[in-house]
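Q: This is the structure, below, for whatever I ask next.
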Amino acid sequence: MSDPNNKPGLLQVLENLKNLPANAKASFSRRGPADGSRRTRAQTVFNNVFMHIHTVRIHRWSLKPTFTFGLGVASAASFIILAVTGIALMIYYEPSTTGAYESVKNITFVVPGGRLIRNVHRWAAYMMVVTVFLHMIRVFYTNSYKKPREFNWVLGVILFVLTLALSFTGYCLPWDQLAYWAITIGANIAGSPVEVTDALGVTHLVDVGAMQKELMLGSKFVGGPALLRFYWAHCILLPVAMIVLILAHVWRVRKDGGLSRPSDITDEDLKGTPIEELAEEAFSEKSRKSYGLMCVVRNKTAAVDRGPERTVMSWPHLFNAEMLIFAVLLVVLLILGLLVDAPLKELANPSVPENPAKAPWYFLAMQEIISYSAFCGGMVMPGLTVVFLMGIPFLDREEGDSGRWFVGDGVKRTTIKTTIVSSIVIIGMLAFTVTFGWLRNWFPDINQIWITIVNPGTVLMSFFVVIAFAVIAKTRSTRLGMTVLFTYFLVSFVILTYFALVHRGPNWDFYWWPSLWPTH
Amino acid sequence: MDSEEKKSDSGDRRDFVGKCAAGAFVGAVGLAAAGSLCGLKPSVLPDPSEQFKIGSGQDFPVGSVKVFEKENVAVFSEPDGLYAISLVCTHLGCIVSLNAKEGQFDCPCHGSRFTLKGKVTRAPAPKPLPWFKITAQPSGALMVDKGISVESGTKVVV
Ligand code: HEM
Ligand code: FES
């Protein structure tokens with residue numbers, strides 16, 4: 001077909017070639033040349049699938065660094081860095097008991113740049129555990145899980161569990177001593193319901209423990225099939241679940257009306273956040289499309305009914321902030337990766353565990369309570385903790401202001417008091433068990449079920465549940481009750497991690513300092 | 001029948017069809033998923049044989065102990081016979097080490113302790129270390145079968 005506007009012959013082709021960059025750019029961004037107006041900046045956001053997950057305008061409070069500390073974005077950024085480095089590692093990694101260790105050595109010593117990529121992958125994994133944990137802390141203490149954000153908090157808890165699961169499965173892949181014994185211990189935790197079925201004498205009827213263990217290992221023993229399953233979970237199952245849930249999580253932030261913010265924001269509060277001159281342009285046109293649709297959506301949505309005061313355009317202010325967090329994180333990880341090598345122990349040896357055989361640091365608190373009872377410390381208490389965390393927004397329905405750190409009557413005081421009391425009680429309990437032992441030392445023939453039920457972990461947990469109820473009874477505030485439990489959870493996590501890291505030596509015995517460990 | 005009733009009737013019917021459709025969908029997806037999940041458990045487990053040779057009677061003078069590292073079993077020889085004991089901690093599966101000085105087994109992972117007969121003396125291990133069956137073949141060779149545990153205290157005279 002011929003177009004009457006076409007120039008003759010090759011001339012038109014040349015002309016088209018000349019316009020190719022501009023046309024390609026326009027087709028990519030779905031709009032004409034940028035003129036810098038708010039309208040085109042808004043279009044930049046909602047014309048692009050990756051950006052439309054943001055709102056067009058954002059409240060200046062959300063950009064206040066001391067409110068979020070950028071922790072959610074840092075978690076997402078860590079995940080992106082992990083995905084990119086992980087895909088690179090997959091080129092050389094070989095998921096078999098005979099090849100895995102060798103291939104990780106090759107990545108470290110033979111592949112150009114391999115060592116750096118592996119290091120960054122490892123440090124980013126640790127970083128993500130830290131940022132996700134701190135992000136949860138910030139959401140809790142800024143009271144940001146309240147209606148309508150309950151569901152997003154639940155999604156967050158699932159993301160937290162997924163983060164730990166990804167770390168654990170990844171840690172097992174090099175098939176070194178750490179990996180082998182971590183899988184062994186993990187699989188036997190899955191098998192630990194046998195403690196209870198044994199005590200009840202029903203193991204020969206339903207052996208739940210053995211079923212779970214075989215599902216995890218694809219065999220009765222730790223070996224090739226187990227490694228392949230961990231590889232599959234680490235590279236496909238968990239990352240896909242993670243991507244889907246992160247998208248849902250960030251989407252919900254937007255649908256729940258942007259980040260939580262207090263009702264009494266002053267100009268003083270917003271000092272230092274980006275500001276724009278108010279212009280009529282964006283709103284005078286009554287931007288039919290976007291805001292028209294938003295009226296259909298339930299709940300409060302950013303900027304609906306509220307006019308533009310104290311909001312700024314997401315493009316570029318929010319994107320600048322996100323890029324800054326990403327860049328800083330990447331630089332920190334690169335420096336760490338250049339300076340510190342990711343650990344790699346000797347090849348897995350099924351006859352000789354390391355002594356002491358310690359889990360990665362974020363599982364040490366769990367390892368300490370596992371050293372009281374496998375089933376209780378490995379399944380019941382972590383399970384209850386996750387259920388409790390998910391339940392927080394449904395147990396505490398108080399409507400209060402949110403968006404400020406420690407907002408609410410007595411929250412700060414309760415937090416400080418709980419921190420002090422729980423530190424004392426937990427350290428006291430550890431000192432007691434180290435000095436006097438526990439039921440098995442006093443009654444060598446006691447039925448295991450008693451230890452499963454009554455051990456230092458459950459005693460502490462029950463103690464704080466009672467305190468939380470007492471606080472709720474006295475103050476009539478569920479928010480304060482949750483503050484007690486959440487703070488206790490944090491303090492016990494930190495103290496137990498420190499204790500297991502520094503004070504547990506060979507045979508899990510107590511030592512004042514690692515330098516005092518006996519040398520064989 | 002007045003019209004009011006008719007309406008609710010047809011509403012019910014539509015509801016019923018809808019429920020059938022939803023039920024069929026859930027059923028189909030559920031069965032398909034359950035079917036695929038079966039694949040997670042192989043019908044033949046790729047496990048190695050649990051029997052192994054430990055030598056013959058002369059290899060075990062009374063009072064000796066031999067540790068089979070690959071199989072994680074220790075064989076003790078006492079005046080009233082031999083016994084084979086598992087070295088896999090009953091807590092979470094680490095390998096206990098023979099602490100000859102104290103006459104006990106120590107677990108490096110979470111500090112369980114056992115007597116040389118396998119009895120737990122320090123938590124968290126929930127159960128004693130199992131003893132395995134020792135059989136003598138016609139040739140005089142001794143075999144240990146890790147698949148069969150025997151009552152603690154059952155020794156074999158060779
Ligand atoms: C993979 C892990 C996670 C990622 C990538 C992630 C990402 C994000 C991002 C980007 C935001 C926006 C605001 C901010 O930066 O603080 C956010 C908000 C939020 N997150 Fe997460 N998050 C994760 C885990 C969690 C966890 C563990 C929880 C809590 C249990 C949680 C609960 C929330 C809630 C309730 C909000 C809304 C807060 C508000 O409105 O102020 N998230 N998340
Ligand atoms: S595995 Fe032996 S004490 Fe935990």
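Residues are referred to by chain and number: the chain letter is A, B, ... according to the order shown in the structure tokens, the number counts from 1 in that chain, and ligands are numbered separately from 1 in the order shown.
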How would you write, as a list in words, the set of residues no farther than 6 Å from ligand 1 when counting only C-alpha atoms and all ligand atoms?
A: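 For ligand 1, the residues inside 6 Å are Thr68, Gly70, Leu71, Gly72, Val73, Ser75, Ala76, Val132, Met136, Val139, Ser144, Tyr145, Arg149, Asn152, Trp153, Gly156, Val157, Leu159, Phe160, Ile246, Val250, Val253, Leu259 and Ser260 of chain A.
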Q: If you run DSSP on the backbone, which residues of region 11-58 of chain A are helix (DSSP H, G or I), as a list in words?
A: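 In region 11-58 of chain A, DSSP puts these residues in helix (DSSP H, G or I): Leu11, Gln12, Val13, Leu14, Glu15, Asn16, Leu17, Lys18, Asn19, Leu20, Pro21, Ala22, Asn23, Ala24, Lys25, Ala26, Ser27, Phe28, Ser29, Arg38, Arg39, Thr40, Arg41, Ala42, Gln43, Thr44, Val45 and Phe46 of chain A.
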Q: Write a file of the just-selected residues containing N, CA and C atoms, as a JSON list (two decimals), in the first residue's frame.
A:
[["chain", "number", "residue", "atom", "x", "y", "z"],
["A", 11, "LEU", "N", 14.48, 7.62, -0.02],
["A", 11, "LEU", "CA", 14.50, 8.82, 0.82],
["A", 11, "LEU", "C", 13.64, 8.64, 2.07],
["A", 12, "GLN", "N", 12.46, 8.01, 1.87],
["A", 12, "GLN", "CA", 11.56, 7.80, 3.00],
["A", 12, "GLN", "C", 12.19, 6.86, 4.02],
["A", 13, "VAL", "N", 12.85, 5.81, 3.51],
["A", 13, "VAL", "CA", 13.50, 4.88, 4.44],
["A", 13, "VAL", "C", 14.54, 5.62, 5.27],
["A", 14, "LEU", "N", 15.31, 6.48, 4.60],
["A", 14, "LEU", "CA", 16.33, 7.23, 5.34],
["A", 14, "LEU", "C", 15.69, 8.11, 6.41],
["A", 15, "GLU", "N", 14.62, 8.76, 6.01],
["A", 15, "GLU", "CA", 13.91, 9.63, 6.95],
["A", 15, "GLU", "C", 13.42, 8.83, 8.17],
["A", 16, "ASN", "N", 12.82, 7.66, 7.88],
["A", 16, "ASN", "CA", 12.34, 6.82, 8.99],
["A", 16, "ASN", "C", 13.49, 6.40, 9.91],
["A", 17, "LEU", "N", 14.62, 6.06, 9.28],
["A", 17, "LEU", "CA", 15.77, 5.69, 10.09],
["A", 17, "LEU", "C", 16.18, 6.84, 10.99],
["A", 18, "LYS", "N", 16.13, 8.04, 10.44],
["A", 18, "LYS", "CA", 16.53, 9.22, 11.22],
["A", 18, "LYS", "C", 15.61, 9.38, 12.44],
["A", 19, "ASN", "N", 14.32, 9.08, 12.23],
["A", 19, "ASN", "CA", 13.37, 9.26, 13.34],
["A", 19, "ASN", "C", 13.29, 8.05, 14.26],
["A", 20, "LEU", "N", 14.04, 7.01, 13.91],
["A", 20, "LEU", "CA", 13.90, 5.77, 14.70],
["A", 20, "LEU", "C", 14.09, 5.97, 16.20],
["A", 21, "PRO", "N", 15.15, 6.64, 16.65],
["A", 21, "PRO", "CA", 15.32, 6.77, 18.10],
["A", 21, "PRO", "C", 14.11, 7.41, 18.78],
["A", 22, "ALA", "N", 13.61, 8.51, 18.19],
["A", 22, "ALA", "CA", 12.48, 9.20, 18.81],
["A", 22, "ALA", "C", 11.25, 8.30, 18.81],
["A", 23, "ASN", "N", 10.99, 7.63, 17.70],
["A", 23, "ASN", "CA", 9.82, 6.77, 17.62],
["A", 23, "ASN", "C", 9.93, 5.59, 18.58],
["A", 24, "ALA", "N", 11.11, 5.00, 18.65],
["A", 24, "ALA", "CA", 11.30, 3.87, 19.55],
["A", 24, "ALA", "C", 11.05, 4.30, 20.98],
["A", 25, "LYS", "N", 11.55, 5.48, 21.33],
["A", 25, "LYS", "CA", 11.38, 5.96, 22.70],
["A", 25, "LYS", "C", 9.90, 6.19, 23.01],
["A", 26, "ALA", "N", 9.21, 6.82, 22.02],
["A", 26, "ALA", "CA", 7.79, 7.10, 22.23],
["A", 26, "ALA", "C", 7.01, 5.79, 22.38],
["A", 27, "SER", "N", 7.35, 4.78, 21.58],
["A", 27, "SER", "CA", 6.62, 3.52, 21.67],
["A", 27, "SER", "C", 6.90, 2.84, 23.00],
["A", 28, "PHE", "N", 8.11, 3.02, 23.52],
["A", 28, "PHE", "CA", 8.49, 2.41, 24.78],
["A", 28, "PHE", "C", 7.73, 3.04, 25.95],
["A", 29, "SER", "N", 7.68, 4.38, 25.95],
["A", 29, "SER", "CA", 7.09, 5.04, 27.10],
["A", 29, "SER", "C", 5.60, 5.32, 26.92],
["A", 38, "ARG", "N", 3.08, 18.45, 34.77],
["A", 38, "ARG", "CA", 2.63, 17.43, 35.72],
["A", 38, "ARG", "C", 1.86, 16.33, 35.03],
["A", 39, "ARG", "N", 1.17, 16.74, 33.98],
["A", 39, "ARG", "CA", 0.36, 15.74, 33.30],
["A", 39, "ARG", "C", 1.27, 14.65, 32.70],
["A", 40, "THR", "N", 2.31, 15.06, 32.00],
["A", 40, "THR", "CA", 3.18, 14.03, 31.41],
["A", 40, "THR", "C", 3.93, 13.27, 32.49],
["A", 41, "ARG", "N", 4.23, 13.96, 33.60],
["A", 41, "ARG", "CA", 4.92, 13.24, 34.67],
["A", 41, "ARG", "C", 4.00, 12.20, 35.30],
["A", 42, "ALA", "N", 2.73, 12.56, 35.40],
["A", 42, "ALA", "CA", 1.77, 11.58, 35.92],
["A", 42, "ALA", "C", 1.66, 10.41, 34.96],
["A", 43, "GLN", "N", 1.65, 10.75, 33.66],
["A", 43, "GLN", "CA", 1.55, 9.67, 32.67],
["A", 43, "GLN", "C", 2.75, 8.75, 32.73],
["A", 44, "THR", "N", 3.90, 9.33, 33.02],
["A", 44, "THR", "CA", 5.09, 8.49, 33.16],
["A", 44, "THR", "C", 4.80, 7.36, 34.14],
["A", 45, "VAL", "N", 4.09, 7.69, 35.20],
["A", 45, "VAL", "CA", 3.82, 6.69, 36.22],
["A", 45, "VAL", "C", 2.76, 5.70, 35.77],
["A", 46, "PHE", "N", 1.59, 6.23, 35.35],
["A", 46, "PHE", "CA", 0.55, 5.23, 35.14],
["A", 46, "PHE", "C", 0.55, 4.61, 33.75]]
Q: Near Lys41 (chain B), within 8 Å and counting only C-alpha atoms, which residues show up once chain neighbours fewer than 2 positions away are dropped, as an mmCIF file with all heavy atoms, in the first residue's frame?
A:
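As a result, result_15.cif now contains:
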data_model
loop_
_atom_site.group_PDB
_atom_site.id
_atom_site.type_symbol
_atom_site.label_atom_id
_atom_site.label_comp_id
_atom_site.auth_asym_id
_atom_site.auth_seq_id
_atom_site.Cartn_x
_atom_site.Cartn_y
_atom_site.Cartn_z
ATOM 1 N N GLU A 214 10.373 -37.197 55.150
ATOM 2 C CA GLU A 214 10.569 -37.782 53.821
ATOM 3 C C GLU A 214 10.146 -36.822 52.724
ATOM 4 O O GLU A 214 10.748 -36.774 51.655
ATOM 5 C CB GLU A 214 9.778 -39.090 53.705
ATOM 6 C CG GLU A 214 10.563 -40.262 54.248
ATOM 7 C CD GLU A 214 9.758 -41.537 54.244
ATOM 8 O OE1 GLU A 214 8.876 -41.689 53.383
ATOM 9 O OE2 GLU A 214 10.008 -42.381 55.127
ATOM 10 N N LEU A 215 9.117 -36.033 53.001
ATOM 11 C CA LEU A 215 8.673 -35.046 52.018
ATOM 12 C C LEU A 215 9.789 -34.038 51.757
ATOM 13 O O LEU A 215 10.042 -33.621 50.634
ATOM 14 C CB LEU A 215 7.440 -34.324 52.560
ATOM 15 C CG LEU A 215 6.690 -33.477 51.548
ATOM 16 C CD1 LEU A 215 6.024 -34.380 50.534
ATOM 17 C CD2 LEU A 215 5.653 -32.624 52.242
ATOM 18 N N GLY A 218 12.960 -36.311 50.239
ATOM 19 C CA GLY A 218 12.767 -37.209 49.114
ATOM 20 C C GLY A 218 13.444 -38.544 49.354
ATOM 21 O O GLY A 218 13.771 -39.262 48.414
ATOM 22 N N LEU B 37 0.775 -33.774 43.653
ATOM 23 C CA LEU B 37 1.527 -33.774 44.915
ATOM 24 C C LEU B 37 2.013 -35.178 45.285
ATOM 25 O O LEU B 37 3.033 -35.329 45.944
ATOM 26 C CB LEU B 37 0.673 -33.201 46.045
ATOM 27 C CG LEU B 37 0.560 -31.682 46.024
ATOM 28 C CD1 LEU B 37 -0.312 -31.196 47.165
ATOM 29 C CD2 LEU B 37 1.938 -31.038 46.113
ATOM 30 N N CYS B 38 1.265 -36.198 44.842
ATOM 31 C CA CYS B 38 1.703 -37.568 45.113
ATOM 32 C C CYS B 38 3.130 -37.773 44.627
ATOM 33 O O CYS B 38 3.898 -38.518 45.225
ATOM 34 C CB CYS B 38 0.806 -38.576 44.410
ATOM 35 S SG CYS B 38 -0.756 -38.762 45.223
ATOM 36 N N GLY B 39 3.452 -37.111 43.536
ATOM 37 C CA GLY B 39 4.787 -37.260 42.967
ATOM 38 C C GLY B 39 5.891 -36.829 43.906
ATOM 39 O O GLY B 39 7.050 -37.174 43.716
ATOM 40 N N SER B 43 7.820 -43.696 45.020
ATOM 41 C CA SER B 43 7.331 -44.967 45.547
ATOM 42 C C SER B 43 8.492 -45.878 45.922
ATOM 43 O O SER B 43 8.355 -46.759 46.744
ATOM 44 C CB SER B 43 6.398 -45.649 44.550
ATOM 45 O OG SER B 43 6.814 -45.383 43.241
#
Q: Select the residues contacting ligand 2 at a distance of at most 6 Å, based on only C-alpha atoms and all ligand atoms, then format the selection as an MDAnalysis selection string.
A: chainID B and resid 89 91:94 107 109:112 124:125
Q: Export, as a short mmCIF file (atom, residue, chain, number, x, y, z; two decimals), in the first residue's frame, the selected residues with N, CA, C and O atoms.
A:
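Output saved as again.cif:
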data_model
loop_
_atom_site.label_atom_id
_atom_site.label_comp_id
_atom_site.auth_asym_id
_atom_site.auth_seq_id
_atom_site.Cartn_x
_atom_site.Cartn_y
_atom_site.Cartn_z
N CYS B 89 22.69 -39.05 67.01
CA CYS B 89 21.98 -38.47 68.15
C CYS B 89 20.47 -38.52 67.91
O CYS B 89 19.99 -38.20 66.82
N HIS B 91 18.35 -36.61 69.12
CA HIS B 91 17.74 -35.29 69.11
C HIS B 91 17.53 -34.87 67.66
O HIS B 91 16.44 -35.01 67.13
N LEU B 92 18.57 -34.41 66.99
CA LEU B 92 18.39 -33.96 65.62
C LEU B 92 19.41 -34.54 64.65
O LEU B 92 19.67 -33.95 63.61
N GLY B 93 19.98 -35.66 64.99
CA GLY B 93 20.73 -36.39 63.97
C GLY B 93 22.20 -36.06 63.81
O GLY B 93 22.81 -36.50 62.85
N CYS B 94 22.80 -35.28 64.71
CA CYS B 94 24.24 -35.10 64.62
C CYS B 94 24.93 -36.41 65.05
O CYS B 94 24.28 -37.30 65.59
N CYS B 107 27.22 -35.14 72.22
CA CYS B 107 26.74 -34.64 70.94
C CYS B 107 27.17 -33.18 70.78
O CYS B 107 26.94 -32.36 71.67
N CYS B 109 26.10 -30.89 68.75
CA CYS B 109 25.15 -29.90 68.23
C CYS B 109 24.39 -29.17 69.31
O CYS B 109 24.33 -27.94 69.33
N HIS B 110 23.76 -29.90 70.24
CA HIS B 110 23.00 -29.21 71.29
C HIS B 110 23.27 -29.80 72.65
O HIS B 110 22.47 -29.68 73.56
N GLY B 111 24.43 -30.49 72.75
CA GLY B 111 24.91 -30.88 74.07
C GLY B 111 24.29 -32.10 74.72
O GLY B 111 24.45 -32.30 75.92
N SER B 112 23.59 -32.95 73.97
CA SER B 112 23.07 -34.17 74.60
C SER B 112 24.24 -35.04 75.05
O SER B 112 25.31 -35.02 74.46
N PRO B 124 19.09 -32.29 75.21
CA PRO B 124 17.69 -32.44 74.78
C PRO B 124 17.32 -33.76 74.12
O PRO B 124 16.18 -33.90 73.71
N ALA B 125 18.23 -34.72 73.99
CA ALA B 125 17.85 -35.95 73.30
C ALA B 125 16.66 -36.58 74.00
O ALA B 125 16.67 -36.73 75.22
#
Q: Considering only C-alpha atoms, can you say which of A:Leu270, A:Val491, A:Ala365, A:Val459 comes closest to Val421 (chain A)?
A: A:Val491
Q: Select all residues from chain B having any atom no more than 10 Å from an atom of chain A (counting only C-alpha atoms, ignoring ligands), output as number ranges by chain.
A: B: 40-42, 44-48, 68-73, 87-88, 90-97, 106-113, 119-127
Q: Give me every strand (DSSP E or B) residue in region 48-281 of chain A, going by DSSP on the backbone, as an MDAnalysis selection string.
A: chainID A and resid 57:59 176
Q: Output C-alpha atoms for every residue in that selection, as a short mmCIF file (atom, residue, chain, number, x, y, z; two decimals), in the first residue's frame.
A:
data_model
loop_
_atom_site.label_atom_id
_atom_site.label_comp_id
_atom_site.auth_asym_id
_atom_site.auth_seq_id
_atom_site.Cartn_x
_atom_site.Cartn_y
_atom_site.Cartn_z
CA ARG A 57 1.29 11.80 43.94
CA ILE A 58 2.69 10.94 47.31
CA HIS A 59 2.31 12.52 50.71
CA ASP A 176 29.92 -28.05 52.81
#
Q: From the list A:Val244, A:Met461, A:Leu205, A:Ile472, which residue is nearest Thr414 (chain A) when using only C-alpha atoms?
A: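 With only C-alpha atoms as the atom set, the closest residue is A:Ile472.
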Q: Find the residues around Asp269 (chain A) up to 12 Å (only C-alpha atoms counted), leave out those fewer than 3 positions away in its own chain, and share them as a list in words.
A: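 Skipping anything fewer than 3 positions along the chain leaves Arg60, Trp61, Ser62, Leu63, Lys64, Pro65, Thr66, Phe67, Arg261, Pro262, Ser263, Asp264, Ile265, Thr266, Gly272, Thr273, Arg310, Gly403 and Arg404 of chain A.
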Q: Please produce a file of those selected residues containing N, CA and C atoms, as an mmCIF file, in the first residue's frame.
A:
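For reference, result.cif as written:
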data_model
loop_
_atom_site.group_PDB
_atom_site.id
_atom_site.type_symbol
_atom_site.label_atom_id
_atom_site.label_comp_id
_atom_site.auth_asym_id
_atom_site.auth_seq_id
_atom_site.Cartn_x
_atom_site.Cartn_y
_atom_site.Cartn_z
ATOM 1 N N ARG A 60 4.014 13.998 51.552
ATOM 2 C CA ARG A 60 5.391 14.299 51.949
ATOM 3 C C ARG A 60 5.787 13.530 53.204
ATOM 4 N N TRP A 61 4.799 13.197 54.056
ATOM 5 C CA TRP A 61 5.108 12.433 55.270
ATOM 6 C C TRP A 61 5.770 11.093 54.926
ATOM 7 N N SER A 62 5.291 10.478 53.815
ATOM 8 C CA SER A 62 5.838 9.174 53.432
ATOM 9 C C SER A 62 7.301 9.267 53.022
ATOM 10 N N LEU A 63 7.730 10.474 52.675
ATOM 11 C CA LEU A 63 9.115 10.633 52.240
ATOM 12 C C LEU A 63 10.026 11.035 53.388
ATOM 13 N N LYS A 64 9.440 11.101 54.607
ATOM 14 C CA LYS A 64 10.218 11.525 55.766
ATOM 15 C C LYS A 64 11.140 10.372 56.169
ATOM 16 N N PRO A 65 12.457 10.577 56.051
ATOM 17 C CA PRO A 65 13.382 9.452 56.282
ATOM 18 C C PRO A 65 13.255 8.842 57.676
ATOM 19 N N THR A 66 13.013 9.661 58.709
ATOM 20 C CA THR A 66 12.983 9.092 60.058
ATOM 21 C C THR A 66 11.665 8.394 60.355
ATOM 22 N N PHE A 67 10.739 8.389 59.408
ATOM 23 C CA PHE A 67 9.513 7.609 59.607
ATOM 24 C C PHE A 67 9.743 6.160 59.169
ATOM 25 N N ARG A 261 -0.184 7.753 58.233
ATOM 26 C CA ARG A 261 0.360 9.038 58.678
ATOM 27 C C ARG A 261 -0.518 9.601 59.774
ATOM 28 N N PRO A 262 0.098 10.354 60.677
ATOM 29 C CA PRO A 262 -0.662 10.895 61.801
ATOM 30 C C PRO A 262 -1.638 11.967 61.336
ATOM 31 N N SER A 263 -2.622 12.269 62.194
ATOM 32 C CA SER A 263 -3.625 13.254 61.810
ATOM 33 C C SER A 263 -3.154 14.668 62.123
ATOM 34 N N ASP A 264 -2.066 14.781 62.879
ATOM 35 C CA ASP A 264 -1.673 16.111 63.349
ATOM 36 C C ASP A 264 -0.324 16.544 62.776
ATOM 37 N N ILE A 265 -0.135 16.326 61.480
ATOM 38 C CA ILE A 265 1.157 16.676 60.889
ATOM 39 C C ILE A 265 1.324 18.195 60.860
ATOM 40 N N THR A 266 2.487 18.656 61.290
ATOM 41 C CA THR A 266 2.768 20.087 61.222
ATOM 42 C C THR A 266 3.832 20.337 60.161
ATOM 43 N N GLY A 272 12.524 19.249 55.450
ATOM 44 C CA GLY A 272 13.523 18.364 54.863
ATOM 45 C C GLY A 272 12.953 17.412 53.833
ATOM 46 N N THR A 273 11.618 17.296 53.746
ATOM 47 C CA THR A 273 11.068 16.454 52.687
ATOM 48 C C THR A 273 10.846 17.333 51.457
ATOM 49 N N ARG A 310 0.240 19.196 50.658
ATOM 50 C CA ARG A 310 1.242 18.331 51.285
ATOM 51 C C ARG A 310 1.555 17.073 50.505
ATOM 52 N N GLY A 403 1.477 6.183 62.493
ATOM 53 C CA GLY A 403 2.387 6.903 61.611
ATOM 54 C C GLY A 403 3.533 7.559 62.353
ATOM 55 N N ARG A 404 3.425 7.705 63.684
ATOM 56 C CA ARG A 404 4.554 8.221 64.449
ATOM 57 C C ARG A 404 5.131 7.105 65.297
#
Q: Have a look at CA of Ser78 (chain A) and CA of Met128 (chain A) and let me know their distance in Å, one decimal.
A: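 CA of Met128 (chain A) lies 5.5 Å from CA of Ser78 (chain A).
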Q: Near region 83-89 of chain A, counting only C-alpha atoms, which residues have an atom at most 10 Å away, once you skip same-chain residues fewer than 6 positions from it, shown as a PyMOL selection string?
A: chain A and resi 77+103-104+107+114-122+124+170+234-235+239
Q: Please write the residues from the selection above to a file, keeping N, CA, C and O atoms, as a short mmCIF file (atom, residue, chain, number, x, y, z; two decimals), in the first residue's frame.
A:
data_model
loop_
_atom_site.label_atom_id
_atom_site.label_comp_id
_atom_site.auth_asym_id
_atom_site.auth_seq_id
_atom_site.Cartn_x
_atom_site.Cartn_y
_atom_site.Cartn_z
N ALA A 77 14.92 -3.86 47.45
CA ALA A 77 16.17 -3.69 46.70
C ALA A 77 17.10 -4.89 46.95
O ALA A 77 17.72 -5.40 46.02
N SER A 103 31.67 -27.05 42.36
CA SER A 103 31.22 -25.93 41.53
C SER A 103 31.27 -24.62 42.31
O SER A 103 31.60 -23.58 41.76
N VAL A 104 31.00 -24.67 43.61
CA VAL A 104 31.09 -23.44 44.40
C VAL A 104 32.55 -23.01 44.51
O VAL A 104 32.88 -21.82 44.45
N ILE A 107 33.37 -21.35 41.28
CA ILE A 107 32.82 -19.99 41.23
C ILE A 107 33.74 -19.05 41.99
O ILE A 107 34.03 -17.94 41.57
N GLY A 114 33.50 -14.28 39.83
CA GLY A 114 32.60 -15.20 40.53
C GLY A 114 32.60 -15.00 42.03
O GLY A 114 31.56 -15.01 42.67
N ARG A 115 33.80 -14.77 42.55
CA ARG A 115 33.91 -14.60 44.00
C ARG A 115 33.09 -13.40 44.47
O ARG A 115 32.34 -13.48 45.44
N LEU A 116 33.20 -12.29 43.72
CA LEU A 116 32.47 -11.08 44.11
C LEU A 116 30.96 -11.33 44.03
O LEU A 116 30.21 -10.95 44.94
N ILE A 117 30.52 -12.00 42.97
CA ILE A 117 29.08 -12.23 42.82
C ILE A 117 28.59 -13.12 43.96
O ILE A 117 27.55 -12.86 44.57
N ARG A 118 29.35 -14.15 44.29
CA ARG A 118 28.93 -15.03 45.37
C ARG A 118 28.90 -14.26 46.70
O ARG A 118 27.95 -14.38 47.48
N ASN A 119 29.95 -13.45 46.93
CA ASN A 119 29.98 -12.68 48.17
C ASN A 119 28.79 -11.74 48.27
O ASN A 119 28.13 -11.67 49.30
N VAL A 120 28.53 -11.02 47.17
CA VAL A 120 27.41 -10.06 47.21
C VAL A 120 26.10 -10.81 47.45
O VAL A 120 25.25 -10.36 48.21
N HIS A 121 25.95 -11.97 46.81
CA HIS A 121 24.72 -12.74 47.02
C HIS A 121 24.58 -13.10 48.50
O HIS A 121 23.50 -12.95 49.08
N ARG A 122 25.65 -13.52 49.13
CA ARG A 122 25.57 -13.91 50.52
C ARG A 122 25.28 -12.71 51.43
O ARG A 122 24.40 -12.75 52.29
N ALA A 124 23.95 -9.89 50.63
CA ALA A 124 22.60 -9.36 50.37
C ALA A 124 21.56 -10.20 51.09
O ALA A 124 20.55 -9.69 51.58
N GLY A 170 19.17 -21.57 50.68
CA GLY A 170 20.37 -21.15 49.96
C GLY A 170 21.64 -21.57 50.68
O GLY A 170 22.61 -22.04 50.07
N HIS A 234 14.84 -23.25 46.41
CA HIS A 234 15.58 -21.99 46.49
C HIS A 234 15.54 -21.21 45.18
O HIS A 234 15.52 -19.99 45.18
N CYS A 235 15.56 -21.91 44.06
CA CYS A 235 15.67 -21.21 42.78
C CYS A 235 14.34 -20.99 42.08
O CYS A 235 14.24 -20.12 41.21
N PRO A 239 11.41 -18.07 45.27
CA PRO A 239 11.50 -16.76 44.62
C PRO A 239 10.20 -16.37 43.91
O PRO A 239 9.79 -15.21 43.97
#
Q: May I have the residues within 7 Å of Trp251 (chain A) as a PyMOL selection string, using only C-alpha atoms and disregarding those fewer than 4 positions away in the same chain?
A: chain A and resi 53+247+255
Q: In terms of the shortest atom-to-atom distance over only C-alpha atoms, which of A:Ala500, A:Ile467, A:Leu516, A:Cys376 is closest to Val454 (chain A)?
A: A:Cys376
Q: Provide the CA of Thr497 (chain A) to CA of Leu364 (chain A) distance in Å, to one decimal place.
A: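 About the pair CA of Thr497 (chain A) and CA of Leu364 (chain A): they are 5.1 Å apart.
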